[in-house]
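Below: start-v8.cif (mmCIF, C-alpha atoms and all ligand atoms)
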data_protein
loop_
_atom_site.label_atom_id
_atom_site.label_comp_id
_atom_site.auth_asym_id
_atom_site.auth_seq_id
_atom_site.Cartn_x
_atom_site.Cartn_y
_atom_site.Cartn_z
CA MET O 1 -132.59 265.24 218.34
CA ILE O 2 -132.16 261.48 218.09
CA PRO O 3 -134.05 258.98 220.28
CA VAL O 4 -132.37 257.61 223.39
CA ALA O 5 -132.33 254.03 222.09
CA GLU O 6 -130.58 255.08 218.90
CA ALA O 7 -128.01 257.15 220.79
CA ARG O 8 -127.27 254.17 223.03
CA ALA O 9 -126.96 251.82 220.07
CA ARG O 10 -124.50 254.12 218.29
CA ILE O 11 -122.37 254.49 221.42
CA LEU O 12 -122.29 250.74 222.03
CA GLU O 13 -121.24 250.09 218.47
CA ALA O 14 -118.31 252.49 218.77
CA MET O 15 -116.91 251.05 222.01
CA PRO O 16 -113.84 248.82 221.71
CA ARG O 17 -113.84 245.51 223.60
CA MET O 18 -111.09 245.47 226.24
CA PRO O 19 -108.35 242.83 225.92
CA VAL O 20 -108.15 239.92 228.37
CA GLU O 21 -105.47 239.88 231.08
CA TRP O 22 -104.78 237.35 233.85
CA VAL O 23 -104.97 238.39 237.47
CA ALA O 24 -104.52 236.44 240.68
CA LEU O 25 -107.86 235.40 242.14
CA PRO O 26 -107.81 237.60 245.27
CA ALA O 27 -107.10 240.67 243.10
CA ALA O 28 -109.97 239.93 240.74
CA ARG O 29 -112.80 241.25 242.87
CA ASP O 30 -115.14 243.49 240.85
CA ARG O 31 -113.34 242.61 237.63
CA VAL O 32 -115.23 241.13 234.68
CA LEU O 33 -114.49 237.66 233.34
CA GLY O 34 -113.16 237.71 229.80
CA ARG O 35 -113.81 234.02 229.14
CA ASP O 36 -116.15 231.31 230.35
CA LEU O 37 -114.78 229.52 233.39
CA TYR O 38 -115.12 225.74 233.70
CA ALA O 39 -114.73 223.54 236.76
CA ARG O 40 -111.33 221.83 236.76
CA ARG O 41 -112.53 219.32 239.34
CA SER O 42 -115.73 217.86 240.76
CA GLN O 43 -117.07 219.01 244.11
CA PRO O 44 -117.07 216.94 246.22
CA PRO O 45 -114.43 214.86 244.44
CA LEU O 46 -115.77 211.60 245.98
CA ALA O 47 -118.90 210.54 247.87
CA VAL O 48 -118.48 212.07 251.34
CA SER O 49 -120.28 212.13 254.65
CA ALA O 50 -122.72 214.95 255.39
CA MET O 51 -122.52 214.32 259.17
CA ASP O 52 -120.27 213.29 262.00
CA GLY O 53 -121.18 209.68 262.75
CA TYR O 54 -120.53 206.19 261.43
CA ALA O 55 -120.21 204.93 257.87
CA VAL O 56 -122.34 201.80 257.65
CA ARG O 57 -123.95 199.34 255.25
CA SER O 58 -127.65 200.20 255.11
CA ALA O 59 -128.36 196.48 254.66
CA ASP O 60 -127.20 196.04 258.29
CA LEU O 61 -129.60 198.74 259.51
CA ARG O 62 -132.96 197.64 258.14
CA GLU O 63 -134.37 197.63 261.70
CA PRO O 64 -133.51 199.83 264.71
CA GLY O 65 -131.26 198.24 267.31
CA ALA O 66 -128.52 196.74 265.10
CA VAL O 67 -125.12 196.35 266.79
CA LEU O 68 -121.99 196.98 264.68
CA ARG O 69 -118.25 196.73 265.29
CA VAL O 70 -116.19 199.91 264.70
CA ILE O 71 -113.10 198.96 262.65
CA GLY O 72 -111.44 202.38 262.28
CA GLU O 73 -112.03 206.03 261.54
CA VAL O 74 -111.74 208.45 258.65
CA PRO O 75 -111.41 212.23 259.06
CA ALA O 76 -111.97 214.82 256.29
CA GLY O 77 -109.14 214.85 253.76
CA ARG O 78 -108.13 211.18 254.23
CA LEU O 79 -109.07 207.96 252.47
CA PHE O 80 -110.01 204.93 254.54
CA GLU O 81 -107.81 202.00 253.65
CA GLY O 82 -109.96 198.93 253.83
CA ARG O 83 -113.58 198.00 253.43
CA VAL O 84 -116.65 198.03 255.58
CA GLY O 85 -117.88 194.43 255.76
CA PRO O 86 -121.19 193.08 257.06
CA GLY O 87 -121.70 194.00 260.72
CA GLU O 88 -118.96 196.65 260.59
CA ALA O 89 -118.85 200.46 260.81
CA VAL O 90 -116.19 203.17 260.44
CA ARG O 91 -116.16 206.35 262.54
CA ILE O 92 -116.53 209.19 260.01
CA PHE O 93 -116.52 212.99 260.10
CA THR O 94 -118.26 215.61 257.94
CA GLY O 95 -116.66 215.86 254.50
CA ALA O 96 -114.68 212.62 254.85
CA PRO O 97 -114.86 210.14 251.95
CA LEU O 98 -117.21 207.25 252.45
CA PRO O 99 -115.17 204.02 252.87
CA GLU O 100 -115.67 201.25 250.35
CA GLY O 101 -118.53 198.94 251.27
CA ALA O 102 -120.44 201.64 253.20
CA ASP O 103 -123.47 203.29 251.59
CA ALA O 104 -124.95 205.39 254.42
CA VAL O 105 -123.99 207.41 257.48
CA LEU O 106 -125.51 206.95 260.91
CA MET O 107 -125.36 210.30 262.66
CA GLN O 108 -123.54 210.08 265.97
CA GLU O 109 -126.56 211.35 267.91
CA ARG O 110 -128.39 208.15 266.86
CA ALA O 111 -125.65 205.76 267.95
CA THR O 112 -124.75 204.54 271.42
CA ARG O 113 -121.13 203.56 271.68
CA SER O 114 -119.45 201.24 274.14
CA GLY O 115 -115.87 200.25 273.40
CA ASP O 116 -115.61 199.22 269.74
CA ARG O 117 -119.36 198.52 269.48
CA ILE O 118 -122.15 200.87 268.46
CA ARG O 119 -125.84 200.32 268.70
CA ALA O 120 -127.90 202.04 266.01
CA GLU O 121 -131.11 203.48 267.42
CA ILE O 122 -132.72 203.85 264.00
CA ALA O 123 -133.02 202.09 260.66
CA LEU O 124 -131.22 203.70 257.67
CA PRO O 125 -132.02 203.75 253.95
CA PRO O 126 -129.13 203.58 251.42
CA GLY O 127 -127.53 206.94 250.69
CA LYS O 128 -128.63 208.55 253.98
CA PHE O 129 -126.34 211.52 254.84
CA VAL O 130 -124.07 210.76 251.89
CA ARG O 131 -123.14 213.54 249.46
CA PRO O 132 -122.51 211.90 246.10
CA ALA O 133 -119.42 212.89 244.08
CA GLY O 134 -120.16 216.00 242.01
CA LEU O 135 -123.20 216.99 244.11
CA ASP O 136 -122.16 220.65 244.04
CA PHE O 137 -120.67 220.60 240.54
CA GLU O 138 -118.99 218.22 238.09
CA ALA O 139 -115.61 218.70 236.41
CA GLY O 140 -116.12 220.47 233.09
CA TRP O 141 -119.21 222.39 234.24
CA LYS O 142 -119.40 225.99 233.03
CA GLY O 143 -119.62 227.68 236.40
CA LEU O 144 -119.15 231.31 235.37
CA ALA O 145 -119.81 232.88 231.98
CA ALA O 146 -117.72 235.53 230.23
CA GLY O 147 -119.06 238.95 231.18
CA HIS O 148 -119.74 237.95 234.78
CA ARG O 149 -118.65 240.55 237.30
CA LEU O 150 -116.64 238.84 240.02
CA ASP O 151 -118.21 239.41 243.42
CA ALA O 152 -117.31 237.55 246.61
CA ARG O 153 -119.48 234.57 245.63
CA ALA O 154 -118.01 234.27 242.16
CA LEU O 155 -114.46 234.38 243.57
CA GLY O 156 -115.33 231.61 246.01
CA LEU O 157 -116.84 229.50 243.25
CA ALA O 158 -113.86 230.09 240.95
CA ALA O 159 -111.51 229.01 243.74
CA ALA O 160 -113.59 225.88 244.45
CA MET O 161 -113.51 225.06 240.74
CA GLY O 162 -109.72 224.98 240.91
CA HIS O 163 -108.68 228.38 239.53
CA ALA O 164 -105.95 230.52 241.06
CA TRP O 165 -105.67 233.04 238.19
CA LEU O 166 -108.58 234.48 236.30
CA PRO O 167 -108.91 235.86 232.75
CA VAL O 168 -110.49 239.30 233.14
CA ARG O 169 -111.01 242.22 230.80
CA ARG O 170 -108.66 245.15 231.25
CA ARG O 171 -110.40 248.04 232.96
CA PRO O 172 -111.39 250.63 230.37
CA ARG O 173 -109.48 253.87 231.00
CA VAL O 174 -111.85 256.80 231.01
CA ALA O 175 -110.42 260.30 230.81
CA ILE O 176 -112.73 262.82 232.51
CA LEU O 177 -112.55 266.55 231.87
CA ALA O 178 -114.81 269.27 233.26
CA THR O 179 -115.05 272.62 231.50
CA GLY O 180 -116.06 276.01 232.81
CA ASP O 181 -114.56 279.32 233.94
CA GLU O 182 -116.80 279.27 237.01
CA LEU O 183 -115.48 275.96 238.35
CA VAL O 184 -112.98 275.27 241.11
CA TRP O 185 -111.61 271.99 242.34
CA PRO O 186 -113.29 270.39 245.39
CA GLY O 187 -111.66 271.89 248.49
CA GLU O 188 -110.78 275.18 246.79
CA THR O 189 -112.71 278.34 247.63
CA PRO O 190 -114.73 279.51 244.65
CA GLY O 191 -114.89 283.20 243.75
CA PRO O 192 -118.13 285.11 244.45
CA ALA O 193 -119.77 283.74 241.28
CA GLY O 194 -117.96 280.44 241.24
CA ILE O 195 -119.02 276.89 242.09
CA VAL O 196 -117.22 273.69 242.98
CA SER O 197 -116.96 271.10 240.22
CA SER O 198 -119.07 268.22 241.43
CA ASN O 199 -118.99 266.49 238.06
CA ASN O 200 -115.34 265.41 238.34
CA PRO O 201 -115.80 263.34 241.51
CA THR O 202 -119.25 262.10 240.51
CA LEU O 203 -118.12 260.84 237.13
CA ALA O 204 -114.87 259.40 238.45
CA ALA O 205 -116.73 257.44 241.11
CA MET O 206 -119.28 256.22 238.60
CA VAL O 207 -116.56 255.01 236.25
CA ALA O 208 -114.81 253.18 239.07
CA GLY O 209 -118.12 251.65 240.18
CA TRP O 210 -118.74 250.35 236.67
CA GLY O 211 -115.39 248.63 236.46
CA GLY O 212 -113.46 251.33 234.64
CA GLU O 213 -110.31 253.20 235.56
CA PRO O 214 -111.03 256.92 235.86
CA ILE O 215 -108.33 259.35 234.81
CA ASP O 216 -109.41 262.74 236.09
CA LEU O 217 -107.99 265.47 233.85
CA GLY O 218 -109.41 268.21 236.05
CA ILE O 219 -111.00 271.42 234.81
CA ALA O 220 -110.41 273.22 231.52
CA ARG O 221 -111.22 276.91 231.29
CA ASP O 222 -113.58 278.11 228.56
CA ARG O 223 -110.71 278.90 226.20
CA PRO O 224 -109.79 276.78 223.20
CA GLU O 225 -106.09 276.64 224.20
CA ASP O 226 -107.00 275.31 227.61
CA LEU O 227 -109.24 272.61 226.21
CA VAL O 228 -106.64 271.56 223.68
CA ARG O 229 -103.95 271.37 226.33
CA ALA O 230 -106.15 269.23 228.59
CA LEU O 231 -107.04 266.93 225.73
CA GLU O 232 -103.39 266.14 225.13
CA GLN O 233 -103.61 264.21 228.38
CA ALA O 234 -106.40 262.00 227.09
CA ARG O 235 -104.11 260.07 224.76
CA GLY O 236 -104.12 256.42 225.69
CA ALA O 237 -107.62 256.54 227.15
CA ASP O 238 -110.26 254.14 225.91
CA LEU O 239 -112.96 256.78 226.22
CA LEU O 240 -112.93 260.54 226.69
CA VAL O 241 -115.75 262.15 228.68
CA THR O 242 -116.19 265.89 229.06
CA SER O 243 -118.84 267.81 230.95
CA GLY O 244 -120.15 271.27 230.20
CA GLY O 245 -119.74 273.53 227.22
CA ALA O 246 -121.92 271.24 225.18
CA SER O 247 -124.97 273.37 224.37
CA VAL O 248 -125.31 276.53 222.32
CA GLY O 249 -124.20 279.27 224.73
CA GLY O 250 -121.45 281.62 223.55
CA TYR O 251 -118.96 279.89 225.85
CA ASP O 252 -119.91 276.37 224.84
CA LEU O 253 -116.69 275.65 223.11
CA VAL O 254 -116.27 271.94 223.41
CA GLN O 255 -117.73 270.86 220.11
CA GLU O 256 -116.24 273.67 218.05
CA THR O 257 -112.79 273.33 219.55
CA LEU O 258 -112.70 269.57 219.29
CA ILE O 259 -113.88 269.61 215.70
CA GLY O 260 -110.91 271.88 215.02
CA GLN O 261 -108.75 269.17 216.60
CA GLY O 262 -110.19 266.37 214.49
CA LEU O 263 -113.34 265.33 216.36
CA GLU O 264 -115.79 263.49 214.12
CA VAL O 265 -119.27 264.08 215.50
CA ASP O 266 -121.58 261.08 215.32
CA PHE O 267 -124.55 262.83 216.89
CA TRP O 268 -125.37 265.93 218.90
CA LYS O 269 -128.62 266.44 220.86
CA ILE O 270 -130.87 263.71 222.04
CA ALA O 271 -134.60 263.52 222.73
CA MET O 272 -134.11 263.14 226.46
CA ARG O 273 -134.68 265.16 229.61
CA PRO O 274 -132.39 265.89 231.35
CA GLY O 275 -129.51 265.83 228.89
CA LYS O 276 -130.55 267.24 225.54
CA PRO O 277 -127.14 268.62 224.42
CA LEU O 278 -125.26 265.28 224.60
CA ILE O 279 -122.49 264.91 222.00
CA PHE O 280 -120.95 261.67 220.82
CA GLY O 281 -118.21 261.08 218.30
CA ARG O 282 -114.62 259.97 217.82
CA PHE O 283 -111.54 261.94 218.65
CA GLY O 284 -108.86 260.16 216.65
CA ASP O 285 -109.39 256.57 217.67
CA ILE O 286 -110.89 257.46 221.06
CA PRO O 287 -114.67 257.48 221.44
CA PHE O 288 -115.79 260.81 222.84
CA LEU O 289 -118.82 261.49 225.03
CA GLY O 290 -119.61 265.14 225.68
CA LEU O 291 -121.97 265.37 228.65
CA PRO O 292 -124.00 268.45 229.53
CA GLY O 293 -122.62 270.55 232.39
CA ASN O 294 -125.61 270.59 234.68
CA PRO O 295 -124.76 268.08 237.37
CA VAL O 296 -128.03 266.16 237.19
CA SER O 297 -127.92 266.03 233.39
CA ALA O 298 -124.30 264.86 233.48
CA ALA O 299 -125.07 262.17 236.08
CA VAL O 300 -128.26 260.89 234.43
CA CYS O 301 -126.60 260.79 231.01
CA ALA O 302 -123.70 258.93 232.60
CA ILE O 303 -126.13 256.34 233.97
CA VAL O 304 -127.89 255.97 230.62
CA TYR O 305 -124.88 256.12 228.23
CA LEU O 306 -121.54 255.95 230.02
CA ARG O 307 -122.54 252.91 232.05
CA ALA O 308 -123.66 251.15 228.87
CA ALA O 309 -120.42 252.10 227.11
CA LEU O 310 -118.28 250.66 229.91
CA ARG O 311 -120.33 247.51 230.12
CA ALA O 312 -120.05 246.99 226.38
CA SER O 313 -116.28 247.38 226.54
CA LEU O 314 -116.23 244.74 229.28
CA GLY O 315 -118.44 242.35 227.34
CA ARG O 316 -121.45 242.77 229.62
CA PRO O 317 -125.10 243.32 228.71
CA SER O 318 -125.79 247.02 228.81
CA GLU O 319 -129.49 247.30 229.62
CA LEU O 320 -130.56 249.49 232.49
CA PRO O 321 -131.97 247.61 235.50
CA VAL O 322 -135.55 248.73 234.90
CA ILE O 323 -138.34 247.49 237.16
CA ARG O 324 -142.01 248.45 237.40
CA ALA O 325 -143.65 250.18 240.33
CA PRO O 326 -146.97 251.93 241.03
CA LEU O 327 -146.93 255.69 240.80
CA ALA O 328 -147.72 257.62 244.00
CA THR O 329 -148.97 260.83 242.38
CA ALA O 330 -150.45 261.70 238.98
CA LEU O 331 -148.17 262.92 236.15
CA PRO O 332 -149.15 265.16 233.22
CA ALA O 333 -148.67 264.03 229.61
CA ASN O 334 -145.03 263.90 228.45
CA ASP O 335 -143.70 265.78 225.42
CA GLU O 336 -141.41 264.46 222.67
CA ARG O 337 -138.44 263.80 224.97
CA GLU O 338 -137.82 260.62 226.98
CA ASP O 339 -137.98 261.73 230.59
CA TYR O 340 -135.90 260.58 233.57
CA LEU O 341 -137.54 261.98 236.70
CA ARG O 342 -135.96 261.84 240.12
CA ALA O 343 -138.22 259.90 242.47
CA SER O 344 -138.12 258.10 245.81
CA TRP O 345 -139.69 255.05 247.34
CA GLY O 346 -142.80 255.76 249.40
CA ARG O 347 -145.61 253.52 250.60
CA GLY O 348 -149.25 253.37 249.62
CA GLU O 349 -152.01 253.04 252.19
CA ASP O 350 -151.78 249.24 251.96
CA GLY O 351 -148.03 249.41 252.66
CA THR O 352 -146.87 248.51 249.13
CA PRO O 353 -143.91 250.46 247.68
CA ARG O 354 -144.73 253.37 245.38
CA ALA O 355 -142.62 255.71 243.27
CA VAL O 356 -142.92 259.31 244.47
CA PRO O 357 -141.63 261.82 241.88
CA ALA O 358 -139.73 264.83 243.29
CA ASP O 359 -141.76 268.07 243.12
CA ARG O 360 -139.09 269.96 241.20
CA GLN O 361 -136.99 268.45 238.45
CA ASP O 362 -134.61 271.32 237.58
CA SER O 363 -131.41 269.73 236.24
CA SER O 364 -129.19 271.99 238.34
CA MET O 365 -130.64 270.53 241.56
CA PHE O 366 -128.09 267.91 242.45
CA ALA O 367 -129.29 267.49 246.03
CA THR O 368 -132.58 265.98 244.84
CA PHE O 369 -130.60 263.57 242.65
CA ALA O 370 -128.19 262.68 245.45
CA ARG O 371 -131.12 261.84 247.73
CA ALA O 372 -133.37 260.16 245.17
CA ASP O 373 -133.84 256.39 245.17
CA LEU O 374 -135.12 256.17 241.62
CA LEU O 375 -135.13 257.49 238.11
CA LEU O 376 -138.67 257.25 236.77
CA ARG O 377 -138.49 256.69 233.02
CA ARG O 378 -141.23 258.02 230.77
CA PRO O 379 -141.36 257.34 227.04
CA PRO O 380 -141.78 260.25 224.63
CA HIS O 381 -145.43 261.35 224.22
CA GLU O 382 -146.61 259.25 227.13
CA PRO O 383 -150.16 260.31 228.04
CA ALA O 384 -151.00 261.59 231.52
CA ARG O 385 -150.70 258.91 234.21
CA ALA O 386 -152.88 258.55 237.29
CA ALA O 387 -151.74 257.64 240.79
CA GLY O 388 -151.57 253.87 241.17
CA GLU O 389 -150.68 253.19 237.50
CA MET O 390 -147.53 251.16 236.85
CA VAL O 391 -144.45 253.02 235.60
CA GLU O 392 -140.84 252.09 234.81
CA VAL O 393 -138.25 252.92 237.44
CA ILE O 394 -134.50 252.42 237.76
CA GLU O 395 -133.04 252.01 241.23
CA ILE O 396 -130.14 254.44 241.22
CA ALA O 397 -128.04 252.58 243.79
CA ARG O 398 -128.33 249.42 241.71
CA ALA O 399 -127.48 251.23 238.47
CA LEU O 400 -124.40 252.73 240.16
CA GLY O 401 -123.26 249.49 241.72
CA GLU O 402 -123.38 247.12 238.79
P1 LIG D 501 -122.59 274.43 230.55
O1 LIG D 501 -123.09 273.22 229.84
O2 LIG D 501 -121.12 274.55 230.52
O3 LIG D 501 -123.30 275.66 230.08
O4 LIG D 501 -122.99 274.24 232.07
C1 LIG D 501 -124.34 274.17 232.47
C2 LIG D 501 -124.46 274.41 233.95
O5 LIG D 501 -123.80 273.36 234.63
C3 LIG D 501 -123.80 275.68 234.44
O6 LIG D 501 -124.63 276.25 235.44
C4 LIG D 501 -122.52 275.23 235.05
O7 LIG D 501 -122.06 276.06 236.08
C5 LIG D 501 -122.86 273.87 235.56
N1 LIG D 501 -121.67 273.01 235.55
C6 LIG D 501 -120.87 272.82 234.47
N2 LIG D 501 -119.86 272.02 234.78
C7 LIG D 501 -120.02 271.66 236.08
C8 LIG D 501 -119.28 270.85 236.96
N3 LIG D 501 -118.18 270.23 236.57
N4 LIG D 501 -119.74 270.69 238.22
C9 LIG D 501 -120.86 271.33 238.62
N5 LIG D 501 -121.60 272.12 237.82
C10 LIG D 501 -121.18 272.30 236.56
MG MG D 502 -119.80 275.93 230.88
#
Represent the structure of the file as C-alpha cells.
Amino acid sequence: MIPVAEARARILEAMPRMPVEWVALPAARDRVLGRDLYARRSQPPLAVSAMDGYAVRSADLREPGAVLRVIGEVPAGRLFEGRVGPGEAVRIFTGAPLPEGADAVLMQERATRSGDRIRAEIALPPGKFVRPAGLDFEAGWKGLAAGHRLDARALGLAAAMGHAWLPVRRRPRVAILATGDELVWPGETPGPAGIVSSNNPTLAAMVAGWGGEPIDLGIARDRPEDLVRALEQARGADLLVTSGGASVGGYDLVQETLIGQGLEVDFWKIAMRPGKPLIFGRFGDIPFLGLPGNPVSAAVCAIVYLRAALRASLGRPSELPVIRAPLATALPANDEREDYLRASWGRGEDGTPRAVPADRQDSSMFATFARADLLLRRPPHEPARAAGEMVEVIEIARALGE
C-alpha cells in the first residue's frame, strides 16, 4: 500500500498536458485558459463621467451658486469637439468622455437649468464623478492567468479586454469502462441478482464537471475477451478509467487481463479508505486508472485522483479544496489508512457549522454519499478526536464543480 500523497504525485507526473486550441469566446465557458490573457485596451479608454450631469471646470465651482453656460452635450460613445472654457459647462451622460478643459462632473440633481444656463447648488472638487482612463484596467494588464477556468465573470472580463477568441486547453478525453457480470445499463431491468451500473453515469458526469470529455465505453463482462474488446475502443483517449475487478476476488480480472495486453503497472493498492485496491499504470501511451467497483470507493477515488489528473492535464493546480470545521461527534483513533468519511453539515448549540460524520461508512452505500455534504479527511494513525475539535473537510459539491 502506498500513501495517498505519493499515489497522487505519481498520477500527476504521468498525465500529459493538453494542447492549446482557439475557441470563440461564447463557446469557451467552463474551458481552461491555456495561456495568460492580457488586456488589449484600457478600460475606460479615456476619462469618462460617472454620472448624468454637466462637465465643468472645478475652478468655476469653488462656492455653491455658480452660474454656467451650457455650450453643448456629449453622450456615451462620442467625443466632444471643443473645449470647456471658464464659465462654461457641457451636458454629459454616464460613460461619456470628459470634454477637454473640464475636470469634474456636476450631477444633474445638483443643477437647476433654465435655457442654456445652469446654476450649481454645490461646490465641486477637481475629479468629482470622473472615472480616470484605465480605472478598471490598463492595456497590457494580465487579467487572467493560464489555468483559469472560464466562468461567466472571466468571459465578461476577457471580452472587455478586447478578446473574441480564447486559447484554451483541449478537453482531456476520458474513456470510462465498468466491469462486472452483475451489471446492467441504467434503464435496463437487472436479473434477480443483478444491479444497475451507477459508476458509468457518476464517472462520466464527474469527468464532464472537471472539464474533460467523457467517452463511456459501457460495461465489460468478467471475461478477458470482453475486456479486451472494450479496451480497443479506448484508443485515442487521454486517460482510461475502469471500475470494478480491481481487487483480489477470483473474478477480478482487470489487472491480469490488461497486463497480458501490455499494461505497465505503476502501483496497485493505496493506504486509503475507501479505495484500497486502486491501480495506476500505463496502457501503451495512455495513462490507466483502475478504480474499485464499490460505488462510494469509485466516486471518492475519482474525487481524490481523477479530478487531480484532469486538472493537471489542463494546467490547473490539483489540490483538493480542503477547509477546517469543528467535529460534531467524537471519532475513534484511525488505523494506517487515510480515511475519507462521508459527513454532513450540522449546527452546534451556538449555531456554528459542524461536520457530522455518517453513522455507517460501508463503501457500498451510495445513498449516504449522494446525500453527504462533506468528505471528512483523517490522516493515517490519527488519534481519537473529541467533539468540537477541528478536522479537515472537503465540500463535495465544490470538489465536483471545480
Ligand atoms: P468488484 O471490485 O468488481 O469486486 O466490485 C465491488 C462491488 O462493487 C460489487 O458489489 C459490485 O457489484 C459493485 N460494482 C462494481 N461495479 C459497479 C458499477 N459500475 N456500478 C455499481 N456498482 C458496481
Ligand atoms: Mg466485479
message = Show me which residues are within 9 Å of ligand MG 502 (chain D) counting only C-alpha atoms and all ligand atoms, and format the list as a count of residues only.
response = 20
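With all atoms listed in the file as the atoms that count, the residue of O:Glu138, O:Glu81, O:Glu121, O:Asp362 with the shortest distance to ligand LIG 501 (chain D) is O:Asp362.
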Using all atoms listed in the file, find each residue of segment 59-141 of chain O with at least one atom at most 12 Å away from an atom of segment 152-171 of chain O; report its shortest atom-to-atom pair and that distance in Å (one decimal), sort the rows by chain and rising residue number, and return the result as CSV.
residue,atom,partner,partner_atom,distance
O:Gly134,CA,O:Met161,CA,11.3
O:Asp136,CA,O:Ala160,CA,10.0
O:Phe137,CA,O:Met161,CA,8.4
O:Glu138,CA,O:Met161,CA,9.2
O:Ala139,CA,O:Met161,CA,8.0
O:Gly140,CA,O:Met161,CA,9.3
O:Trp141,CA,O:Met161,CA,9.0
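Between ligand LIG 501 (chain D) and the candidates O:Arg69, O:Arg385, O:Lys276, O:Arg235, the tightest atom-to-atom separation, counting only C-alpha atoms and all ligand atoms, involves O:Lys276.
Across the structure, atom CA of Pro186 of chain O and atom CA of Gln233 of chain O are spaced 20.5 Å apart.
Of note, atom CA of Gly34 of chain O and atom CA of Ala175 of chain O are spaced 22.8 Å apart.
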request  = Step by step: start from the point (-131.0, 262.8, 237.7) in the file's coordinates, keep every protein, DNA or RNA residue that has an atom no farther than 10 Å from it, count only C-alpha atoms, and write the set as a PyMOL selection string.
outcome  = chain O and resi 273-275+294-303+340-343+361-370+372+374-376+396
message = I'd like the interatomic distance between atom CA of Gly85 of chain O and atom CA of Asp60 of chain O, to a tenth of an Å.
response = 9.8 Å
As JSON, please: the centre and edge lengths in Å, to one decimal, of an axis-aligned box enclosing every listed atom of segment 201-212 of chain O with 3 Å added on each side.
{"center_x": -116.4, "center_y": 256.0, "center_z": 238.1, "size_x": 11.8, "size_y": 20.7, "size_z": 12.9}
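Compared by their closest atoms to ligand LIG 501 (chain D), and using only C-alpha atoms and all ligand atoms, the residues O:Ala399, O:Ala193, O:Met15, O:Val265 rank with O:Ala193 nearest.
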message = Would you pick out the contacts of Ile118 of chain O at 6 Å or less, using only C-alpha atoms, so that residues sharing its chain but fewer than 6 positions from it are not included, and give the list as a VMD selection string?
response = chain O and resid 67 to 68 112
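In terms of minimum interatomic distance to ligand LIG 501 (chain D), O:Ser197 ranks closest within O:Ser197, O:Thr257, O:Asn334, O:Ser313, counting only C-alpha atoms and all ligand atoms.
For the residues O:Val196, O:Leu400, O:Val174, O:Ile259, ranking by smallest atom-to-atom distance to ligand LIG 501 (chain D) using all atoms listed in the file places O:Val196 first.
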Pick from O:Pro353, O:Gly82, O:Pro317, O:Pro201, whichever lies nearest to ligand LIG 501 (chain D) using only C-alpha atoms and all ligand atoms = O:Pro201
inquiry  = So that I can see what lies close to Leu217 of chain O, please list as a PyMOL selection string the residues with an atom at most 9 Å from it, counting all atoms listed in the file and leaving out residues fewer than 2 positions away in the same chain.
reply    = chain O and resi 175-178+200+215+219-220+230-231+233-234
For the residues in that selection, give me C-alpha atoms as a PDB file, keeping the file's coordinate frame.
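Done, and the output landed in result13.pdb:
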ATOM      1  CA  ALA O 175    -110.420 260.300 230.810  1.00  0.00           C
ATOM      2  CA  ILE O 176    -112.730 262.820 232.510  1.00  0.00           C
ATOM      3  CA  LEU O 177    -112.550 266.550 231.870  1.00  0.00           C
ATOM      4  CA  ALA O 178    -114.810 269.270 233.260  1.00  0.00           C
ATOM      5  CA  ASN O 200    -115.340 265.410 238.340  1.00  0.00           C
ATOM      6  CA  ILE O 215    -108.330 259.350 234.810  1.00  0.00           C
ATOM      7  CA  ILE O 219    -111.000 271.420 234.810  1.00  0.00           C
ATOM      8  CA  ALA O 220    -110.410 273.220 231.520  1.00  0.00           C
ATOM      9  CA  ALA O 230    -106.150 269.230 228.590  1.00  0.00           C
ATOM     10  CA  LEU O 231    -107.040 266.930 225.730  1.00  0.00           C
ATOM     11  CA  GLN O 233    -103.610 264.210 228.380  1.00  0.00           C
ATOM     12  CA  ALA O 234    -106.400 262.000 227.090  1.00  0.00           C
TER      13      ALA O 234
END
inquiry  = Just want the 10 Å neighbourhood of Leu258 of chain O, counted on only C-alpha atoms, with same-chain residues fewer than 3 positions away dropped. Output as JSON, numbers by chain.
reply    = {"O": [224, 227, 228, 231, 253, 254, 255, 261, 262, 263, 264, 265, 282, 283, 288]}
message = Taking (-127.8, 206.1, 256.5) in the coordinates of the supplied file, I want to know which residues reach to within 12 Å of it, counting all atoms listed in the file; could you give the answer as a PyMOL selection string?
response = chain O and resi 49-64+89+98+102-108+110-111+120-131
Can I get the selected residues back with C-alpha atoms, as a short mmCIF file (atom, residue, chain, number, x, y, z; two decimals), keeping the file's coordinate frame?
data_model
loop_
_atom_site.label_atom_id
_atom_site.label_comp_id
_atom_site.auth_asym_id
_atom_site.auth_seq_id
_atom_site.Cartn_x
_atom_site.Cartn_y
_atom_site.Cartn_z
CA SER O 49 -120.28 212.13 254.65
CA ALA O 50 -122.72 214.95 255.39
CA MET O 51 -122.52 214.32 259.17
CA ASP O 52 -120.27 213.29 262.00
CA GLY O 53 -121.18 209.68 262.75
CA TYR O 54 -120.53 206.19 261.43
CA ALA O 55 -120.21 204.93 257.87
CA VAL O 56 -122.34 201.80 257.65
CA ARG O 57 -123.95 199.34 255.25
CA SER O 58 -127.65 200.20 255.11
CA ALA O 59 -128.36 196.48 254.66
CA ASP O 60 -127.20 196.04 258.29
CA LEU O 61 -129.60 198.74 259.51
CA ARG O 62 -132.96 197.64 258.14
CA GLU O 63 -134.37 197.63 261.70
CA PRO O 64 -133.51 199.83 264.71
CA ALA O 89 -118.85 200.46 260.81
CA LEU O 98 -117.21 207.25 252.45
CA ALA O 102 -120.44 201.64 253.20
CA ASP O 103 -123.47 203.29 251.59
CA ALA O 104 -124.95 205.39 254.42
CA VAL O 105 -123.99 207.41 257.48
CA LEU O 106 -125.51 206.95 260.91
CA MET O 107 -125.36 210.30 262.66
CA GLN O 108 -123.54 210.08 265.97
CA ARG O 110 -128.39 208.15 266.86
CA ALA O 111 -125.65 205.76 267.95
CA ALA O 120 -127.90 202.04 266.01
CA GLU O 121 -131.11 203.48 267.42
CA ILE O 122 -132.72 203.85 264.00
CA ALA O 123 -133.02 202.09 260.66
CA LEU O 124 -131.22 203.70 257.67
CA PRO O 125 -132.02 203.75 253.95
CA PRO O 126 -129.13 203.58 251.42
CA GLY O 127 -127.53 206.94 250.69
CA LYS O 128 -128.63 208.55 253.98
CA PHE O 129 -126.34 211.52 254.84
CA VAL O 130 -124.07 210.76 251.89
CA ARG O 131 -123.14 213.54 249.46
#
